[in-house]
Structure formats: C-alpha cells, structure tokens
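Pasted below: target25.cif, mmCIF, C-alpha atoms and all ligand atoms.
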```
data_upload
#
loop_
_atom_site.label_atom_id
_atom_site.label_comp_id
_atom_site.auth_asym_id
_atom_site.auth_seq_id
_atom_site.Cartn_x
_atom_site.Cartn_y
_atom_site.Cartn_z
CA MET A 1 -20.25 0.95 -23.49
CA LYS A 2 -20.77 -2.59 -22.23
CA ILE A 3 -18.41 -5.04 -20.53
CA VAL A 4 -17.81 -8.14 -22.66
CA GLU A 5 -14.85 -9.89 -21.00
CA ILE A 6 -12.90 -9.98 -17.71
CA ARG A 7 -9.45 -11.54 -17.50
CA ALA A 8 -7.05 -11.89 -14.57
CA THR A 9 -3.36 -12.78 -14.68
CA THR A 10 -1.32 -13.43 -11.56
CA VAL A 11 2.30 -12.31 -11.76
CA THR A 12 5.28 -12.29 -9.44
CA VAL A 13 7.85 -9.49 -9.73
CA PRO A 14 11.18 -9.55 -7.85
CA LEU A 15 12.08 -7.18 -5.02
CA GLU A 16 15.60 -5.94 -4.34
CA ALA A 17 15.63 -8.05 -1.16
CA PRO A 18 13.14 -9.79 1.19
CA LEU A 19 11.23 -7.08 3.14
CA ARG A 20 10.54 -7.86 6.81
CA HIS A 21 7.47 -6.67 8.69
CA ALA A 22 5.64 -7.35 11.96
CA ASN A 23 3.79 -10.40 10.67
CA GLY A 24 6.51 -12.00 8.57
CA CYS A 25 8.09 -11.08 5.29
CA HIS A 26 7.68 -10.37 1.58
CA TRP A 27 9.86 -13.25 0.44
CA GLY A 28 11.90 -11.38 -2.17
CA ARG A 29 9.02 -10.69 -4.56
CA PHE A 30 5.47 -9.44 -4.80
CA VAL A 31 2.55 -11.51 -6.04
CA ARG A 32 -0.12 -9.38 -7.72
CA THR A 33 -3.10 -10.08 -9.96
CA ILE A 34 -3.57 -7.86 -13.01
CA VAL A 35 -7.20 -7.51 -14.11
CA GLU A 36 -8.34 -6.57 -17.60
CA ILE A 37 -11.91 -5.61 -18.43
CA GLU A 38 -12.70 -5.51 -22.13
CA ALA A 39 -15.58 -3.40 -23.46
CA ASP A 40 -17.69 -3.87 -26.59
CA ASN A 41 -15.82 -0.99 -28.29
CA GLY A 42 -12.52 -2.88 -27.99
CA LEU A 43 -11.09 -0.77 -25.13
CA ILE A 44 -9.37 -2.57 -22.26
CA GLY A 45 -9.43 -1.21 -18.71
CA LEU A 46 -6.75 -2.23 -16.19
CA GLY A 47 -7.05 -3.17 -12.52
CA GLU A 48 -4.76 -4.75 -9.94
CA MET A 49 -5.16 -6.68 -6.69
CA GLY A 50 -2.69 -8.00 -4.13
CA GLY A 51 -1.96 -11.72 -3.94
CA GLY A 52 -3.38 -14.10 -6.46
CA GLY A 53 -3.09 -17.46 -8.08
CA GLU A 54 -5.73 -19.88 -9.26
CA SER A 55 -8.26 -18.72 -6.67
CA ALA A 56 -7.94 -15.01 -7.54
CA GLU A 57 -8.13 -15.71 -11.27
CA ALA A 58 -11.26 -17.82 -10.64
CA VAL A 59 -12.88 -15.02 -8.58
CA PHE A 60 -12.48 -12.56 -11.45
CA ARG A 61 -13.73 -15.15 -13.98
CA ALA A 62 -16.82 -15.55 -11.78
CA MET A 63 -17.42 -11.77 -11.92
CA LYS A 64 -18.31 -12.17 -15.61
CA GLY A 65 -21.61 -13.66 -14.44
CA TYR A 66 -22.36 -10.30 -12.75
CA LEU A 67 -20.82 -7.81 -15.13
CA VAL A 68 -20.96 -8.96 -18.76
CA GLY A 69 -23.38 -6.47 -20.35
CA HIS A 70 -22.89 -3.96 -17.50
CA ASP A 71 -22.09 -0.33 -18.41
CA PRO A 72 -18.73 0.54 -16.75
CA ALA A 73 -20.02 4.08 -16.11
CA ARG A 74 -22.53 2.67 -13.61
CA LEU A 75 -20.01 2.37 -10.81
CA GLU A 76 -22.43 2.75 -7.91
CA GLU A 77 -24.62 -0.02 -9.25
CA MET A 78 -21.53 -2.23 -9.67
CA ARG A 79 -20.75 -1.63 -5.99
CA PHE A 80 -24.08 -3.14 -5.01
CA LYS A 81 -23.82 -5.95 -7.55
CA ILE A 82 -20.40 -7.04 -6.28
CA ALA A 83 -20.18 -5.84 -2.69
CA ASN A 84 -23.63 -5.18 -1.28
CA PRO A 85 -22.84 -4.59 2.41
CA THR A 86 -25.01 -7.40 3.78
CA ALA A 87 -24.36 -9.88 0.95
CA SER A 88 -20.66 -9.18 1.53
CA LEU A 89 -20.90 -10.89 4.90
CA TYR A 90 -20.82 -14.07 2.84
CA ASN A 91 -18.22 -13.24 0.21
CA ASN A 92 -16.00 -10.34 1.31
CA ARG A 93 -15.31 -8.82 -2.10
CA THR A 94 -14.10 -5.33 -1.24
CA GLN A 95 -10.65 -5.87 -2.78
CA VAL A 96 -12.17 -7.50 -5.87
CA LEU A 97 -14.49 -4.52 -6.26
CA ALA A 98 -11.50 -2.19 -6.02
CA ALA A 99 -9.70 -3.87 -8.94
CA LEU A 100 -12.91 -3.80 -11.01
CA GLU A 101 -13.47 -0.11 -10.18
CA PHE A 102 -9.91 0.77 -11.30
CA ALA A 103 -10.54 -1.01 -14.62
CA CYS A 104 -13.93 0.66 -15.17
CA LEU A 105 -12.48 4.12 -14.45
CA ASP A 106 -9.66 3.30 -16.87
CA LEU A 107 -12.24 2.36 -19.52
CA LEU A 108 -14.24 5.55 -18.95
CA GLY A 109 -11.18 7.76 -19.13
CA GLN A 110 -10.11 6.14 -22.39
CA ALA A 111 -13.61 6.40 -23.85
CA PHE A 112 -13.83 10.11 -22.93
CA GLY A 113 -10.19 10.82 -23.82
CA VAL A 114 -9.40 12.18 -20.33
CA PRO A 115 -7.21 11.00 -17.42
CA VAL A 116 -8.95 9.40 -14.44
CA HIS A 117 -8.22 12.43 -12.26
CA ASP A 118 -10.48 14.47 -14.54
CA LEU A 119 -13.31 12.08 -13.67
CA LEU A 120 -12.66 12.58 -9.96
CA GLY A 121 -12.87 16.35 -9.68
CA GLY A 122 -9.66 17.32 -11.42
CA LYS A 123 -6.07 17.40 -10.27
CA LEU A 124 -4.72 19.89 -7.75
CA GLN A 125 -1.10 18.91 -8.34
CA ASP A 126 0.93 17.43 -11.19
CA GLU A 127 3.15 15.26 -8.96
CA VAL A 128 2.57 13.30 -5.77
CA PRO A 129 5.30 13.32 -3.08
CA PHE A 130 6.33 9.97 -1.59
CA ALA A 131 8.13 8.82 1.56
CA SER A 132 11.18 6.60 1.29
CA TYR A 133 9.66 3.58 3.10
CA LEU A 134 12.62 1.89 4.79
CA PHE A 135 12.44 -1.78 5.72
CA PHE A 136 14.51 -4.23 7.67
CA ARG A 137 15.55 -6.70 4.97
CA TYR A 138 16.95 -10.20 4.88
CA PRO A 139 20.02 -10.69 2.72
CA ASN A 140 19.66 -12.17 -0.74
CA ALA A 141 21.30 -15.55 -1.43
CA ASP A 142 24.47 -13.74 -2.56
CA GLY A 143 24.63 -11.81 0.74
CA SER A 144 23.54 -8.49 -0.73
CA GLY A 145 20.67 -6.28 0.41
CA GLU A 146 20.65 -6.95 4.16
CA VAL A 147 19.23 -4.22 6.44
CA ARG A 148 19.36 -5.25 10.10
CA THR A 149 21.55 -2.77 12.00
CA PRO A 150 21.17 1.00 12.56
CA THR A 151 24.19 1.54 10.28
CA GLN A 152 22.65 -0.46 7.44
CA LEU A 153 19.36 1.37 7.92
CA VAL A 154 21.02 4.77 7.70
CA GLU A 155 22.86 3.62 4.55
CA GLN A 156 19.52 2.52 3.04
CA ALA A 157 17.90 5.87 3.88
CA LYS A 158 20.79 7.83 2.37
CA ALA A 159 20.88 5.64 -0.75
CA LEU A 160 17.13 6.02 -1.35
CA LYS A 161 17.32 9.77 -0.75
CA LYS A 162 20.20 10.05 -3.20
CA ALA A 163 18.52 7.89 -5.84
CA HIS A 164 14.98 9.31 -5.64
CA GLY A 165 15.15 12.58 -3.69
CA PHE A 166 12.87 11.66 -0.78
CA THR A 167 12.43 14.27 1.94
CA SER A 168 10.17 12.13 4.14
CA HIS A 169 11.23 8.75 5.50
CA LYS A 170 9.06 5.98 6.87
CA LEU A 171 10.53 3.10 8.85
CA LYS A 172 8.56 -0.13 8.93
CA GLY A 173 9.17 -1.68 12.35
CA GLY A 174 7.47 -4.26 14.54
CA VAL A 175 10.19 -6.81 13.75
CA PHE A 176 12.62 -6.40 16.67
CA HIS A 177 12.24 -5.39 20.31
CA PRO A 178 10.93 -1.79 20.44
CA ASP A 179 14.02 -0.56 22.32
CA TYR A 180 16.20 -1.73 19.42
CA GLU A 181 13.83 -0.19 16.86
CA LEU A 182 13.87 3.08 18.84
CA GLU A 183 17.65 3.16 18.44
CA CYS A 184 17.24 2.46 14.70
CA TYR A 185 14.57 5.13 14.19
CA ARG A 186 16.55 7.78 16.06
CA ALA A 187 19.61 6.90 13.94
CA VAL A 188 17.62 7.44 10.75
CA ALA A 189 16.13 10.71 12.03
CA ALA A 190 19.60 11.97 12.94
CA ALA A 191 20.98 10.98 9.52
CA VAL A 192 18.33 12.73 7.39
CA GLY A 193 18.65 16.15 9.01
CA GLU A 194 15.67 18.41 8.35
CA ASP A 195 13.67 15.71 6.53
CA ARG A 196 10.43 14.38 8.00
CA VAL A 197 10.24 10.90 9.55
CA ARG A 198 7.46 8.48 10.46
CA PHE A 199 7.37 5.07 12.14
CA ASP A 200 4.98 2.14 11.68
CA PRO A 201 5.21 -1.03 13.82
CA ASN A 202 1.99 -2.47 12.32
CA ALA A 203 -0.02 -2.30 15.56
CA VAL A 204 1.96 -4.93 17.47
CA TRP A 205 2.61 -3.05 20.71
CA SER A 206 0.72 -2.91 23.98
CA THR A 207 -0.82 0.47 24.82
CA GLU A 208 1.85 1.04 27.46
CA GLN A 209 4.62 0.22 24.96
CA GLY A 210 3.03 2.49 22.36
CA ILE A 211 3.00 5.37 24.85
CA ARG A 212 6.56 4.65 25.91
CA PHE A 213 7.86 4.68 22.33
CA GLY A 214 5.73 7.68 21.36
CA GLN A 215 7.03 9.75 24.26
CA ALA A 216 10.60 8.74 23.42
CA ILE A 217 10.37 10.23 19.90
CA GLU A 218 8.48 13.45 20.65
CA ASP A 219 11.58 15.55 19.95
CA LEU A 220 11.94 14.24 16.36
CA ASN A 221 10.58 15.73 13.14
CA ASN A 222 7.69 13.24 13.01
CA ASP A 223 4.94 13.29 10.43
CA TYR A 224 3.02 10.94 12.72
CA LEU A 225 3.24 7.64 14.59
CA GLU A 226 1.40 5.01 12.56
CA ASP A 227 -0.57 2.19 14.19
CA PRO A 228 1.48 1.84 17.38
CA VAL A 229 -1.31 -0.34 18.85
CA PHE A 230 -4.29 -2.26 17.53
CA GLY A 231 -7.88 -1.06 17.92
CA LEU A 232 -9.60 2.31 18.11
CA HIS A 233 -9.75 2.25 21.91
CA ALA A 234 -6.08 1.40 22.37
CA MET A 235 -5.21 4.11 19.83
CA ARG A 236 -7.35 6.59 21.79
CA ARG A 237 -5.62 5.71 25.06
CA THR A 238 -2.21 6.06 23.41
CA ARG A 239 -3.20 9.38 21.81
CA GLU A 240 -4.07 10.84 25.22
CA LYS A 241 -0.45 10.55 26.33
CA VAL A 242 1.60 11.06 23.13
CA ARG A 243 2.19 14.52 21.67
CA MET A 244 2.12 13.85 17.93
CA PRO A 245 -0.53 12.82 15.43
CA LEU A 246 -1.42 9.13 15.25
CA ALA A 247 -2.16 7.58 11.86
CA THR A 248 -3.78 4.33 10.81
CA ASN A 249 -4.29 2.01 7.89
CA THR A 250 -5.60 -0.81 10.09
CA VAL A 251 -8.46 0.39 12.30
CA VAL A 252 -10.11 2.94 10.00
CA VAL A 253 -10.48 1.12 6.68
CA GLY A 254 -14.17 1.70 6.03
CA PHE A 255 -16.94 4.24 6.52
CA GLU A 256 -18.36 2.66 9.71
CA GLN A 257 -14.96 2.95 11.39
CA LEU A 258 -14.45 6.44 9.99
CA ALA A 259 -17.77 7.51 11.53
CA ALA A 260 -16.76 5.98 14.88
CA ASN A 261 -13.46 7.85 14.72
CA VAL A 262 -15.23 11.14 13.98
CA LEU A 263 -17.62 10.70 16.90
CA ASP A 264 -14.91 9.77 19.39
CA THR A 265 -11.55 10.52 17.83
CA ALA A 266 -8.76 7.99 18.24
CA VAL A 267 -6.71 8.67 15.09
CA ASP A 268 -5.61 11.97 13.54
CA VAL A 269 -4.51 10.88 10.06
CA ILE A 270 -6.35 8.37 7.89
CA LEU A 271 -4.17 6.47 5.41
CA LEU A 272 -6.39 5.80 2.42
CA ASP A 273 -5.72 2.62 0.45
CA THR A 274 -7.40 2.32 -2.94
CA THR A 275 -7.65 -1.47 -2.48
CA PHE A 276 -8.69 -1.70 1.18
CA TRP A 277 -11.44 0.91 0.71
CA GLY A 278 -12.85 -0.74 -2.41
CA GLY A 279 -11.62 1.69 -5.07
CA ILE A 280 -10.37 5.19 -5.78
CA ARG A 281 -13.80 6.80 -5.45
CA PRO A 282 -14.47 5.54 -1.89
CA CYS A 283 -11.09 7.04 -0.93
CA VAL A 284 -12.13 10.39 -2.44
CA LYS A 285 -15.39 10.22 -0.47
CA ALA A 286 -13.52 9.37 2.73
CA ALA A 287 -11.10 12.25 2.12
CA GLY A 288 -14.13 14.55 1.92
CA ILE A 289 -15.35 13.36 5.32
CA CYS A 290 -11.85 13.84 6.74
CA GLU A 291 -11.78 17.36 5.28
CA THR A 292 -15.08 18.19 6.97
CA PHE A 293 -13.93 16.94 10.37
CA GLY A 294 -10.39 18.25 10.16
CA LEU A 295 -8.67 14.86 10.00
CA GLY A 296 -5.42 14.46 8.08
CA VAL A 297 -5.16 12.23 5.02
CA ALA A 298 -2.34 10.35 3.35
CA VAL A 299 -2.11 7.59 0.73
CA HIS A 300 -1.37 4.07 1.98
CA SER A 301 0.60 1.42 0.12
CA SER A 302 -0.37 -2.23 0.40
CA GLY A 303 2.27 -3.14 -2.21
CA GLU A 304 1.81 -2.18 -5.83
CA LEU A 305 2.84 -2.57 -9.43
CA GLY A 306 2.32 0.24 -11.92
CA VAL A 307 -1.45 -0.13 -12.33
CA GLN A 308 -2.12 0.19 -8.62
CA LEU A 309 0.47 2.95 -8.35
CA ALA A 310 -1.47 4.87 -11.02
CA THR A 311 -4.61 4.64 -8.84
CA MET A 312 -2.62 6.08 -5.92
CA LEU A 313 -1.32 8.92 -8.11
CA HIS A 314 -4.76 9.89 -9.40
CA LEU A 315 -6.09 9.79 -5.83
CA GLY A 316 -3.20 11.87 -4.52
CA ALA A 317 -3.70 14.40 -7.32
CA VAL A 318 -7.35 15.18 -6.54
CA ILE A 319 -7.63 15.31 -2.75
CA PRO A 320 -7.12 18.83 -1.38
CA ASN A 321 -6.26 17.62 2.13
CA LEU A 322 -3.34 15.34 1.21
CA SER A 323 -1.09 16.85 3.85
CA PHE A 324 1.66 14.20 3.91
CA ALA A 325 3.88 12.35 1.45
CA ALA A 326 2.30 9.13 0.17
CA ASP A 327 3.67 5.67 0.90
CA ALA A 328 4.82 3.24 -1.79
CA HIS A 329 6.72 -0.03 -1.81
CA TYR A 330 7.34 0.70 -5.50
CA HIS A 331 11.05 1.59 -5.33
CA HIS A 332 11.85 -1.80 -3.75
CA LEU A 333 10.77 -3.56 -6.96
CA ARG A 334 13.25 -4.53 -9.64
CA ASP A 335 10.76 -4.22 -12.50
CA ASP A 336 7.14 -3.60 -13.49
CA VAL A 337 4.60 -4.90 -16.01
CA ILE A 338 3.75 -1.50 -17.55
CA GLN A 339 5.05 -0.12 -20.83
CA GLY A 340 8.17 2.00 -20.49
CA GLY A 341 9.24 0.29 -17.24
CA PRO A 342 8.76 1.57 -13.68
CA LEU A 343 7.46 5.15 -13.29
CA PRO A 344 10.42 7.28 -12.15
CA TYR A 345 10.72 9.40 -9.00
CA ARG A 346 12.03 12.94 -9.34
CA ASN A 347 12.79 14.94 -6.21
CA GLY A 348 10.86 12.33 -4.20
CA ARG A 349 7.80 12.76 -6.41
CA ILE A 350 6.11 10.82 -9.19
CA ARG A 351 4.33 12.58 -12.02
CA VAL A 352 0.59 11.91 -12.23
CA PRO A 353 -0.07 10.06 -15.52
CA ALA A 354 -1.56 12.43 -18.10
CA GLY A 355 -2.76 9.91 -20.70
CA PRO A 356 -6.37 8.80 -21.02
CA GLY A 357 -7.73 6.58 -18.23
CA LEU A 358 -5.19 5.47 -15.65
CA GLY A 359 -2.50 6.49 -18.14
CA VAL A 360 -0.52 3.25 -17.91
CA ARG A 361 -0.66 0.34 -20.37
CA LEU A 362 0.55 -3.23 -20.04
CA ASP A 363 3.82 -4.44 -21.49
CA ARG A 364 2.54 -7.77 -22.80
CA GLU A 365 5.97 -9.38 -22.85
CA LYS A 366 6.64 -8.44 -19.24
CA LEU A 367 3.18 -9.60 -18.20
CA ALA A 368 3.75 -13.00 -19.84
CA HIS A 369 7.24 -13.28 -18.35
CA TYR A 370 6.16 -12.51 -14.77
CA ALA A 371 3.06 -14.73 -15.12
CA GLU A 372 5.45 -17.54 -16.07
CA GLU A 373 7.57 -16.65 -13.04
CA TYR A 374 4.46 -16.94 -10.88
CA ARG A 375 3.72 -20.40 -12.31
CA ARG A 376 7.33 -21.39 -11.54
CA LEU A 377 7.55 -19.95 -8.01
CA GLY A 378 3.96 -19.93 -6.75
CA SER A 379 2.74 -17.78 -3.87
CA TYR A 380 4.53 -17.07 -0.60
CA PRO A 381 3.05 -16.74 2.89
CA TYR A 382 3.02 -13.00 3.71
CA ASP A 383 2.38 -13.83 7.37
CA LYS A 384 5.31 -16.19 7.90
CA ASP A 385 8.96 -15.50 8.64
CA PRO A 386 11.19 -17.76 6.49
CA LEU A 387 13.76 -18.08 9.30
CA ARG A 388 11.15 -18.83 12.00
CA PRO A 389 8.72 -21.28 10.40
CA ALA A 390 6.71 -22.07 13.58
CA TRP A 391 6.55 -18.43 14.76
CA CYS A 392 3.60 -16.10 14.65
CA ALA A 393 3.19 -12.60 16.05
CA THR A 394 0.67 -12.04 18.84
CA VAL A 395 -1.11 -8.72 19.55
CA PRO A 396 0.46 -7.24 21.56
CA ASN A 397 3.62 -9.04 20.49
CA ASP A 398 6.61 -10.08 22.59
CA ARG A 399 8.11 -12.67 20.23
CA TRP A 400 10.67 -10.41 18.58
CA ALA A 401 13.26 -11.40 16.02
CA ASP A 402 16.87 -11.37 17.23
CA PRO A 403 18.80 -8.42 15.73
CA LYS A 404 22.03 -10.45 16.06
CA ASP A 405 20.68 -13.20 13.82
CA ASP A 406 22.48 -12.61 10.51
CA ARG A 407 21.49 -15.81 8.73
CA THR A 408 20.24 -15.80 5.15
CA PRO A 409 16.85 -17.43 4.64
CA GLU A 410 16.28 -19.83 1.79
CA VAL A 411 13.49 -18.39 -0.31
CA PRO A 412 12.52 -19.61 -3.80
CA ARG A 413 13.95 -17.23 -6.43
MG MG B 501 0.78 0.85 8.19
#
```

Will you turn the file into structure tokens for me?
Amino acid sequence: MKIVEIRATTVTVPLEAPLRHANGCHWGRFVRTIVEIEADNGLIGLGEMGGGGESAEAVFRAMKGYLVGHDPARLEEMRFKIANPTASLYNNRTQVLAALEFACLDLLGQAFGVPVHDLLGGKLQDEVPFASYLFFRYPNADGSGEVRTPTQLVEQAKALKKAHGFTSHKLKGGVFHPDYELECYRAVAAAVGEDRVRFDPNAVWSTEQGIRFGQAIEDLNNDYLEDPVFGLHAMRRTREKVRMPLATNTVVVGFEQLAANVLDTAVDVILLDTTFWGGIRPCVKAAGICETFGLGVAVHSSGELGVQLATMLHLGAVIPNLSFAADAHYHHLRDDVIQGGPLPYRNGRIRVPAGPGLGVRLDREKLAHYAEEYRRLGSYPYDKDPLRPAWCATVPNDRWADPKDDRTPEVPR
C-alpha cells in the first residue's frame, strides 16, 4: 500500500454552551481539522487535529511532499520523516504526526480487515468508561446553558449522570477564586453520593494554594487532583503534603518528561492524550513504561470529534493499566461529522468501535456543512475570555473571574 493523497478539512461543530477554563473559553463550538489519507488501493484513512483553518490545511498539504509513495505500515519511519526530534526544534509537528498516525492505522486496519485495537495488542475491554467532565459555562444568547453557581453545577452533574450514566465526575476549574471553586467541588461531590470525583484547575495555582485546596478535599471520594500547579517541581512539592494521587496532562506529555518523573516522581497518574503524545502508539508505549514503574494511567481529552474519540477508545481498550475513567468533551457537542451521528454513552461507557480500522467513517454531508460553518465563523481564540478581552491568566494566577458576573458574552454563532 502506498499513500497517494492527503486532504485536510477544517470544521466547526457547535457546543451546547460556551465552556470556560483557566485560560479562557471554548466560544460555543469546537474547531477541528479532519485529515484524510488516500492510498493507491482506494482506501481512505481518517485523522483529526485540534484547531485549524488555512494554516492547518496548508501544513497537511505540505506533508504530501514527505509521504506520497510512503507505505502507511512504516509508522516508525514516518515518525522520523515528520517529527525527527532534532529537526522538530524547527517545526514542532507532534500534533500533525498524531493525525497522520491515526489515518495510517485506519488504513492498515481497513486493509487487514481488523479494528485498530487488534493492531495494538488486542482489546482487554469492549467499552471504555468516561467521566462526566463538568464545566463552568457562559449562557447562550437565549439565556440557556449557564453554569456559574454551585446549584447550577450540581444540576449539570445530575443531568449528565441521568443522560449518560456517569459514575465519575470531573470538574474543570481554574476560572474563579479557589475558595469559590472548593465550595462548588464539594457541592458536586455531595450531590453524586458514592460516585468518584476529580478536579482540574489547569495548573494555575501557587504551590501553597495547591496544597491548601488538596488538603481541603482529602475526605472526598477523589480519583486524583489534576494539575493543581505547573511544573514537575511544584507538583512534587504539592505531592509531599497532599494525601491523594496527583495527575497531569501538562508536565508529562513526552518521554523525556516521563523519564524525569520516573527518576524523581512528582505525578502519580499520567493522562495520555493521543494528540499531545504524537499518536495512539506512543501512548501505548508510555502506558507500558507507567505499568513498569507502577504509575497510574488515564485517557486525556483535548477536545474531540468522532475520529479522535475513536483513537481514545482504541487506546483505552488495549492498555491493561487504565485504572480510571477516561475524559471526553464529547457529550458537550451538539453533533459530529461521523456516519450515524455521535457515538452514544451507555452506563457512562462508550463501546469500542468493532469495524475495520478506527471503525468510524465520515458523513460527507455533515463534513461539508460544518466546513461551511467554519468558513462562515472562522476560528476563535481558545486563550481569551469573551467577557474580559484584555485579560490573561498568569501562573500562578490571581486574576479570577467574578462568580457574580452573570452577563452573556457575544460570541459568533
Ligand atoms: Mg487537565
């Protein structure tokens, strides 16, 4: 099999409401780039990357100069073609490599007539459990969807549990003062009874604040405390004084950092992201290292449509040390670009696709529609808050949003 064509299409798909986080906001939609690699036998492999637009589409067009004529089975050679570690100092293509790897694995699975998980060692489970992933949300233009108060947060948790059956709940914080978010988190934990909970302020606290918050939640049913502070050393100092596992998707996102964390442990649970790590296979390798050194593993979500979600499901299916529910933004989306519509949750779990390759195919009408929506609406700045245009978060942060501010931002829809 040889690669003959690479195409990229940037789409924007609406969210139920704008999702707030420590650095700004997802302004009511996701922007993603869908990648298609066509082989000389007519098969098409699918990939996906966050963000997009003219520049992302151009990057993937440029990859044709490297990969036309390349055998998609030669994944290790593709890694060095696209993301040689020293050449990458100049072009930083890890996320591009990830999307290409997804598409090549999809091609191989289709060519062999097997699902991607069979190429990765075989599945250990048929379904992957997910956490509910609660966000503070701005209201939509019609006033719906707001999540700002503890009461609204508890309502969101209960609604998501009822709709999808989650038994683990993650709250994305880092938006408001930590004392207010502590009140919110404790309200959620109290409302979900025996279910597990986890909190992630996206590394915006000082070490002292991280310790303070961590100690104040030690009595709860925590999976872990995720990225309370930024940096391996600050995490290590926090870990010395907080009695629960710490997790990260920010300071261990590559093998150099994983080695440093093994040699002088700062983090207990590594959240593997198929995009940040450069593909599904690097995540499987990293999970193997974590298994050897007794570190926990979970699956991180950097925002996904169905193609990326499929990569997370195949990863979650094959790693024996997946000891926590995975994260996904998926249930905050109103639609998807895959055939059959969004993959459903059942009892807080999503079934691992069983078809050949990634097991998801594009709905061409949806793809065209959401590509048109992208051309109409353009990108949005992930790291800006629509109600505070001049604001930025520092690390550690003390420029919190005001929980009494109930205004509705104007975001293009
Ligand atoms: Mg995180």

Test item: residues no farther than 12 Å from ligand MG 501 (chain B), counting all atoms listed in the file, as a ChimeraX atom specification: /A:21-23,133,170-174,198-204,224-230,246-253,269-273,298-303,326-329

(-0.8, -8.1, 25.1) in this file's frame - what residues fall within 9 Å of it? Use all atoms listed in the file and give the answer as number ranges by chain. A: 204-207, 394-398

Between CA of Phe255 in chain A and CA of Ser323 in chain A, distance in Å (one decimal): 20.4 Å

Between CA of Glu38 in chain A and CA of Ala103 in chain A, what is the distance, to one decimal in Å? 9.0 Å

Counting all atoms listed in the file, the residue of A:Ala98, A:Ile3, A:Val175, A:Val13 that sits nearest Ile37 in chain A: A:Ile3

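Shell of Ala111 in chain A at 12 Å, with all atoms listed in the file counted and residues fewer than 6 places along the chain excluded, is Met1, Lys2, Ala39, Asp40, Asn41, Gly42, Leu43, Ile44, Gly45, Pro72, Ala73, Cys104, Leu105, Leu119, Gly355, Pro356, Gly357 and Leu358 of chain A.
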
Would you save the residues of that selection, restricted to C-alpha atoms, as a tab-separated table (two decimals), in the coordinates of the input?
```tsv
chain	number	residue	atom	x	y	z
A	1	MET	CA	-20.25	0.95	-23.49
A	2	LYS	CA	-20.77	-2.59	-22.23
A	39	ALA	CA	-15.58	-3.40	-23.46
A	40	ASP	CA	-17.69	-3.87	-26.59
A	41	ASN	CA	-15.82	-0.99	-28.29
A	42	GLY	CA	-12.52	-2.88	-27.99
A	43	LEU	CA	-11.09	-0.77	-25.13
A	44	ILE	CA	-9.37	-2.57	-22.26
A	45	GLY	CA	-9.43	-1.21	-18.71
A	72	PRO	CA	-18.73	0.54	-16.75
A	73	ALA	CA	-20.02	4.08	-16.11
A	104	CYS	CA	-13.93	0.66	-15.17
A	105	LEU	CA	-12.48	4.12	-14.45
A	119	LEU	CA	-13.31	12.08	-13.67
A	355	GLY	CA	-2.76	9.91	-20.70
A	356	PRO	CA	-6.37	8.80	-21.02
A	357	GLY	CA	-7.73	6.58	-18.23
A	358	LEU	CA	-5.19	5.47	-15.65
```

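With only the atoms specified (all atoms listed in the file) counting, those residues at most 10 Å away from (20.3, -5.5, 8.8) are A:Phe135, A:Phe136, A:Arg137, A:Tyr138, A:Pro139, A:Gly145, A:Glu146, A:Val147, A:Arg148, A:Thr149, A:Pro150, A:Thr151, A:Gln152, A:Leu153, A:Gln156, A:Pro403, A:Lys404, A:Asp405, A:Asp406.
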
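Here CA of His70 in chain A and CA of Pro115 in chain A stand 21.7 Å from one another.
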
Long-range neighbours of Ala99 in chain A as a PyMOL selection string, 7 Å cut-off, all atoms listed in the file, 3 positions minimum in chain: chain A and resi 35+47-49+95-96+102-103

Find the residues around Val242 in chain A up to 7 Å (all atoms listed in the file counted), leave out those fewer than 4 positions away in its own chain, and share them as a VMD selection string. chain A and resid 211 214 to 215 238

Shortest interatomic distance to Val192 in chain A - which of A:Thr86, A:Asn221, A:Thr408, A:Asn140, counting all atoms listed in the file: A:Asn221

Could you give me, as a Markdown table, a per-residue list for range 222-324 of chain A showing, wherever an atom lies at most 12 Å from an atom of range 361-376 of chain A, the closest pair of atoms and their distance in Å to one decimal, using only C-alpha atoms and sorting by chain then residue number from low to high?
```
| residue | atom | partner | partner_atom | distance |
| --- | --- | --- | --- | --- |
| A:Leu305 | CA | A:Leu362 | CA | 10.9 |
| A:Gly306 | CA | A:Arg361 | CA | 9.0 |
| A:Val307 | CA | A:Arg361 | CA | 8.1 |
| A:Gln308 | CA | A:Arg361 | CA | 11.8 |
| A:Ala310 | CA | A:Arg361 | CA | 10.4 |
```

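Minimum distance to Arg7 in chain A across A:Arg239, A:Lys285, A:Lys162, A:Lys64 (counting all atoms listed in the file) occurs at A:Lys64.
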